Amino acid sequence: MQATAAIVIFVCAYVLIASEKVPRTAVALGGAGLMLLLHVTDAEAAFFSSESGIDWNVVFLLLGMMVIVSVLRRTGLFEYVAIWAAKRARGRPYRLMVMLVVLTAAASALLDNVTTVLLIAPVTFLVCERLALAPEPYLIAEVMASNIGGTATLVGDPPNIIIASRGGLSFNDFLVHLAPLVVVLVVVFCALCRWLFRSAFRYDPDLAAEVMELKEREAITDRRLLAQGLAVLAVVIAAFVLHPVLHYEPSVVALLGAGLLVAATRVTTEEALSEVEWPTLVFFAGLFVMVGGLVETGVIGEISRAAADATDGRLGVAAMLLLWASAGLSAIVDNIPYVATMSPIVSDLVQQHPGTDGHVLWWALALGADLGGNATAVGASANVVVLGIAARNGTPISFWRFTRYGIVVTLVTVALATPYLWLRYL
């Protein structure tokens, strides 16, 4: 009975999240509340269990990084980078897109992709306005680049944080196993942009000359704060990389970095916390409680056994099926709830393959979910954020316009990921 209740609650919540007719935070909280109300799970399991409760490592890692970015945002750093990119591109539209794509992908590997697009998108409007370019193609390219670039590291895409926490994977694990492929995918994506958005590249030499006269240094509003912020960010990233030596969880590192930055600067606690995406953090908490209900009632275990039977213990078949199925499902629903649901299933499958061989399943899940998020407008949180920004600025991007480009990009990138996984691990 409880297993049925857990499934009904979760499926209904999933449908509401995918439809976007109800705020996803409200859905997650409502679903979590029903799980507790109907005794599908209890408070101890929801708040204190590492297997079936809220993953506080994920929540606090995001919180710490959001605070650090909130402080950096006040320095004008991101406006500086955008103007610098436009000048290096000499006002030529395609070169500008390549510069913004590469910068967005790189930034998304260090920060999370939602934060990156929140910072890059407003600047894109400014640059496109000066060059009389339609901003929509640039926004679409940037959000897709953020999803590709975010695949490279533990902190780059929220699904990776969930995977790392569940699979016991470090920042270096993601860097070693996924970053080489991501570099190739970014290069291929830049070439794809030339074809996908070819009608948008109209060069105006007069407007380009005006952009060349902009002084990017004037965008920096607080040099001292910039130096402090970059120093702390560098230490945080170094600590991520040195996790095997230091043995500090990424969440602890991010919180310590955020606390140090606020304590050492003139930014008040209220100012630093004002731009934290609290609804996103609450959404994660509610989602973990709902998934925990499925774990507590044995639903996840049954699915794991069915998946193992379907692949008959063949690791290669399981990895390819997981890669393509994850890409397809992440195109339909946000990849965050999808990965939160699949991670305990994959964990069970990995345990059936002793040693590190089974870890290919984690990489298949990460690649499928992250790259599949590009397929539609609701596939990843960053997509939804950018479409919202575009609508508020009077240049709405329709679901189908985004999807027309996204399906092509997803098919190409996942197709390239297939031989990478097979040749390197299988």
# chains A, B, ... in the order shown; residues from 1 in each chain; ligands from 1
call {"tool": "select_by_dssp", "arguments": {"residues": "stretch 75-158 of chain A", "states": "helix (DSSP H, G or I)", "output": "MDAnalysis selection string"}}
result
chainID A and resid 77:88 93:110 113:130 135:150 158
call {"tool": "closest_atom_pairs", "arguments": {"of": "stretch 348-391 of chain A", "to": "stretch 5-22 of chain A", "cutoff": "12 Å", "atoms": "only C-alpha atoms", "output": "CSV"}}
result
residue,atom,partner,partner_atom,distance
A:Thr376,CA,A:Ala18,CA,11.3
A:Ala377,CA,A:Ala18,CA,10.5
A:Val378,CA,A:Ala18,CA,7.1
A:Gly379,CA,A:Ala18,CA,8.9
A:Ala380,CA,A:Ala18,CA,10.7
A:Ser381,CA,A:Ala18,CA,11.2
A:Val384,CA,A:Glu20,CA,9.7
call {"tool": "closest_atom_pairs", "arguments": {"of": "stretch 174-239 of chain A", "to": "stretch 73-96 of chain A", "cutoff": "10 Å", "atoms": "only C-alpha atoms", "output": "JSON lines"}}
result
{"residue": "A:Cys190", "atom": "CA", "partner": "A:Tyr94", "partner_atom": "CA", "distance": 9.3}
{"residue": "A:Cys193", "atom": "CA", "partner": "A:Tyr94", "partner_atom": "CA", "distance": 8.3}
{"residue": "A:Arg194", "atom": "CA", "partner": "A:Tyr94", "partner_atom": "CA", "distance": 6.9}
{"residue": "A:Phe197", "atom": "CA", "partner": "A:Tyr94", "partner_atom": "CA", "distance": 8.9}
{"residue": "A:Arg198", "atom": "CA", "partner": "A:Tyr94", "partner_atom": "CA", "distance": 8.4}
{"residue": "A:Ala200", "atom": "CA", "partner": "A:Pro93", "partner_atom": "CA", "distance": 7.9}
{"residue": "A:Phe201", "atom": "CA", "partner": "A:Pro93", "partner_atom": "CA", "distance": 5.1}
{"residue": "A:Arg202", "atom": "CA", "partner": "A:Pro93", "partner_atom": "CA", "distance": 6.6}
{"residue": "A:Tyr203", "atom": "CA", "partner": "A:Arg92", "partner_atom": "CA", "distance": 5.8}
{"residue": "A:Asp204", "atom": "CA", "partner": "A:Gly91", "partner_atom": "CA", "distance": 8.0}
{"residue": "A:Pro205", "atom": "CA", "partner": "A:Gly91", "partner_atom": "CA", "distance": 7.7}
{"residue": "A:Asp206", "atom": "CA", "partner": "A:Gly91", "partner_atom": "CA", "distance": 9.5}
{"residue": "A:Leu207", "atom": "CA", "partner": "A:Gly91", "partner_atom": "CA", "distance": 7.6}
{"residue": "A:Ala208", "atom": "CA", "partner": "A:Gly91", "partner_atom": "CA", "distance": 4.4}
{"residue": "A:Ala209", "atom": "CA", "partner": "A:Gly91", "partner_atom": "CA", "distance": 7.5}
{"residue": "A:Glu210", "atom": "CA", "partner": "A:Gly91", "partner_atom": "CA", "distance": 8.9}
{"residue": "A:Val211", "atom": "CA", "partner": "A:Lys87", "partner_atom": "CA", "distance": 6.6}
{"residue": "A:Met212", "atom": "CA", "partner": "A:Lys87", "partner_atom": "CA", "distance": 5.4}
{"residue": "A:Glu213", "atom": "CA", "partner": "A:Lys87", "partner_atom": "CA", "distance": 8.6}
{"residue": "A:Leu214", "atom": "CA", "partner": "A:Ile83", "partner_atom": "CA", "distance": 7.5}
{"residue": "A:Lys215", "atom": "CA", "partner": "A:Ile83", "partner_atom": "CA", "distance": 7.9}
{"residue": "A:Glu216", "atom": "CA", "partner": "A:Tyr80", "partner_atom": "CA", "distance": 5.0}
{"residue": "A:Arg217", "atom": "CA", "partner": "A:Tyr80", "partner_atom": "CA", "distance": 6.6}
{"residue": "A:Glu218", "atom": "CA", "partner": "A:Tyr80", "partner_atom": "CA", "distance": 7.9}
{"residue": "A:Ala219", "atom": "CA", "partner": "A:Tyr80", "partner_atom": "CA", "distance": 5.3}
{"residue": "A:Ile220", "atom": "CA", "partner": "A:Gly76", "partner_atom": "CA", "distance": 4.6}
{"residue": "A:Thr221", "atom": "CA", "partner": "A:Thr75", "partner_atom": "CA", "distance": 5.3}
{"residue": "A:Asp222", "atom": "CA", "partner": "A:Thr75", "partner_atom": "CA", "distance": 5.0}
{"residue": "A:Arg223", "atom": "CA", "partner": "A:Thr75", "partner_atom": "CA", "distance": 7.0}
{"residue": "A:Arg224", "atom": "CA", "partner": "A:Thr75", "partner_atom": "CA", "distance": 8.7}
{"residue": "A:Leu225", "atom": "CA", "partner": "A:Thr75", "partner_atom": "CA", "distance": 6.5}
{"residue": "A:Leu226", "atom": "CA", "partner": "A:Thr75", "partner_atom": "CA", "distance": 5.6}
{"residue": "A:Ala227", "atom": "CA", "partner": "A:Thr75", "partner_atom": "CA", "distance": 9.4}
{"residue": "A:Gly229", "atom": "CA", "partner": "A:Thr75", "partner_atom": "CA", "distance": 8.8}
{"residue": "A:Leu230", "atom": "CA", "partner": "A:Leu77", "partner_atom": "CA", "distance": 9.8}
call {"tool": "residues_around", "arguments": {"residues": "stretch 52-61 of chain A", "least_positions_apart": "4", "cutoff": "7 Å", "atoms": "only C-alpha atoms", "output": "list in words"}}
result
Ala45, Ala46, Phe47, Phe48, Met65, Ile161, Ile162, Pro250, Ser251, Ala254, Leu255, Leu281, Ala285, Phe288, Val289, Gly292, Val295 and Glu296 of chain A
call {"tool": "atom_distance", "arguments": {"atom1": "atom CA of A:Asn335", "atom2": "atom CA of A:Asn160"}}
result
10.2 Å
call {"tool": "atom_distance", "arguments": {"atom1": "atom CA of A:Leu111", "atom2": "atom CA of A:His359"}}
result
24.1 Å
call {"tool": "residues_around", "arguments": {"residues": "A:Ser347", "least_positions_apart": "4", "cutoff": "8 Å", "atoms": "only C-alpha atoms", "output": "ChimeraX atom specification"}}
result
/A:166-167,343,351
call {"tool": "write_last_selection", "arguments": {"atoms": "all heavy atoms", "output": "mmCIF file, in the first residue's frame"}}
result
data_model
loop_
_atom_site.group_PDB
_atom_site.id
_atom_site.type_symbol
_atom_site.label_atom_id
_atom_site.label_comp_id
_atom_site.auth_asym_id
_atom_site.auth_seq_id
_atom_site.Cartn_x
_atom_site.Cartn_y
_atom_site.Cartn_z
ATOM 1 N N ARG A 166 26.110 10.289 -4.363
ATOM 2 C CA ARG A 166 25.609 8.914 -4.294
ATOM 3 C C ARG A 166 26.705 7.890 -4.610
ATOM 4 O O ARG A 166 26.769 6.820 -4.008
ATOM 5 C CB ARG A 166 24.444 8.744 -5.267
ATOM 6 C CG ARG A 166 23.875 7.356 -5.371
ATOM 7 C CD ARG A 166 23.183 6.890 -4.102
ATOM 8 N NE ARG A 166 21.970 7.630 -3.824
ATOM 9 C CZ ARG A 166 21.081 7.283 -2.900
ATOM 10 N NH1 ARG A 166 21.295 6.202 -2.170
ATOM 11 N NH2 ARG A 166 20.009 8.016 -2.679
ATOM 12 N N GLY A 167 27.582 8.227 -5.568
ATOM 13 C CA GLY A 167 28.594 7.275 -6.008
ATOM 14 C C GLY A 167 29.927 7.391 -5.298
ATOM 15 O O GLY A 167 30.849 6.621 -5.589
ATOM 16 N N SER A 343 19.786 7.719 -9.495
ATOM 17 C CA SER A 343 21.061 7.496 -8.812
ATOM 18 C C SER A 343 21.044 6.306 -7.852
ATOM 19 O O SER A 343 22.006 5.525 -7.830
ATOM 20 C CB SER A 343 21.532 8.768 -8.098
ATOM 21 O OG SER A 343 20.564 9.228 -7.188
ATOM 22 N N GLN A 351 27.195 -1.749 -7.776
ATOM 23 C CA GLN A 351 27.642 -2.704 -6.762
ATOM 24 C C GLN A 351 27.676 -4.141 -7.281
ATOM 25 O O GLN A 351 28.346 -4.998 -6.700
ATOM 26 C CB GLN A 351 26.723 -2.612 -5.546
ATOM 27 C CG GLN A 351 26.880 -1.311 -4.778
ATOM 28 C CD GLN A 351 25.874 -1.172 -3.642
ATOM 29 O OE1 GLN A 351 25.196 -2.137 -3.291
ATOM 30 N NE2 GLN A 351 25.791 0.022 -3.083
#
call {"tool": "residues_around", "arguments": {"residues": "A:Asp370", "least_positions_apart": "5", "cutoff": "10 Å", "atoms": "only C-alpha atoms", "output": "ChimeraX atom specification"}}
result
/A:144,146-152,156-160,326-327,330-331,334-336,339,364-365,379-380,410,414
call {"tool": "closest_residue", "arguments": {"among": "A:Val232, A:Leu119, A:Leu196, A:Ala417", "to": "A:Val184", "atoms": "only C-alpha atoms"}}
result
A:Ala417
call {"tool": "closest_residue", "arguments": {"among": "A:Ile303, A:Val117, A:Leu411, A:Val350", "to": "A:Gly168", "atoms": "only C-alpha atoms"}}
result
A:Val350
call {"tool": "closest_residue", "arguments": {"among": "A:Asp112, A:Arg424, A:Ala239, A:Gly293", "to": "A:Ser49", "atoms": "only C-alpha atoms"}}
result
A:Gly293
call {"tool": "residues_around", "arguments": {"residues": "stretch 394-402 of chain A", "least_positions_apart": "6", "cutoff": "10 Å", "atoms": "only C-alpha atoms", "output": "NGL selection string"}}
result
:A and (125 or 134-137 or 139-141 or 144 or 374-378 or 383-384 or 386-388)
call {"tool": "residues_around", "arguments": {"residues": "A:Ile345", "least_positions_apart": "2", "cutoff": "8 Å", "atoms": "only C-alpha atoms", "output": "list in words"}}
result
Ile300, Gly301, Ile303, Ser304, Thr341, Met342, Ser343, Ser347, Asp348 and Leu349 of chain A
call {"tool": "closest_residue", "arguments": {"among": "A:Ala306, A:Ala238, A:Leu38, A:Ala382", "to": "A:Leu110", "atoms": "only C-alpha atoms"}}
result
A:Ala238
call {"tool": "closest_residue", "arguments": {"among": "A:Val186, A:Leu118, A:Val253, A:Leu63", "to": "A:Val241", "atoms": "only C-alpha atoms"}}
result
A:Val253
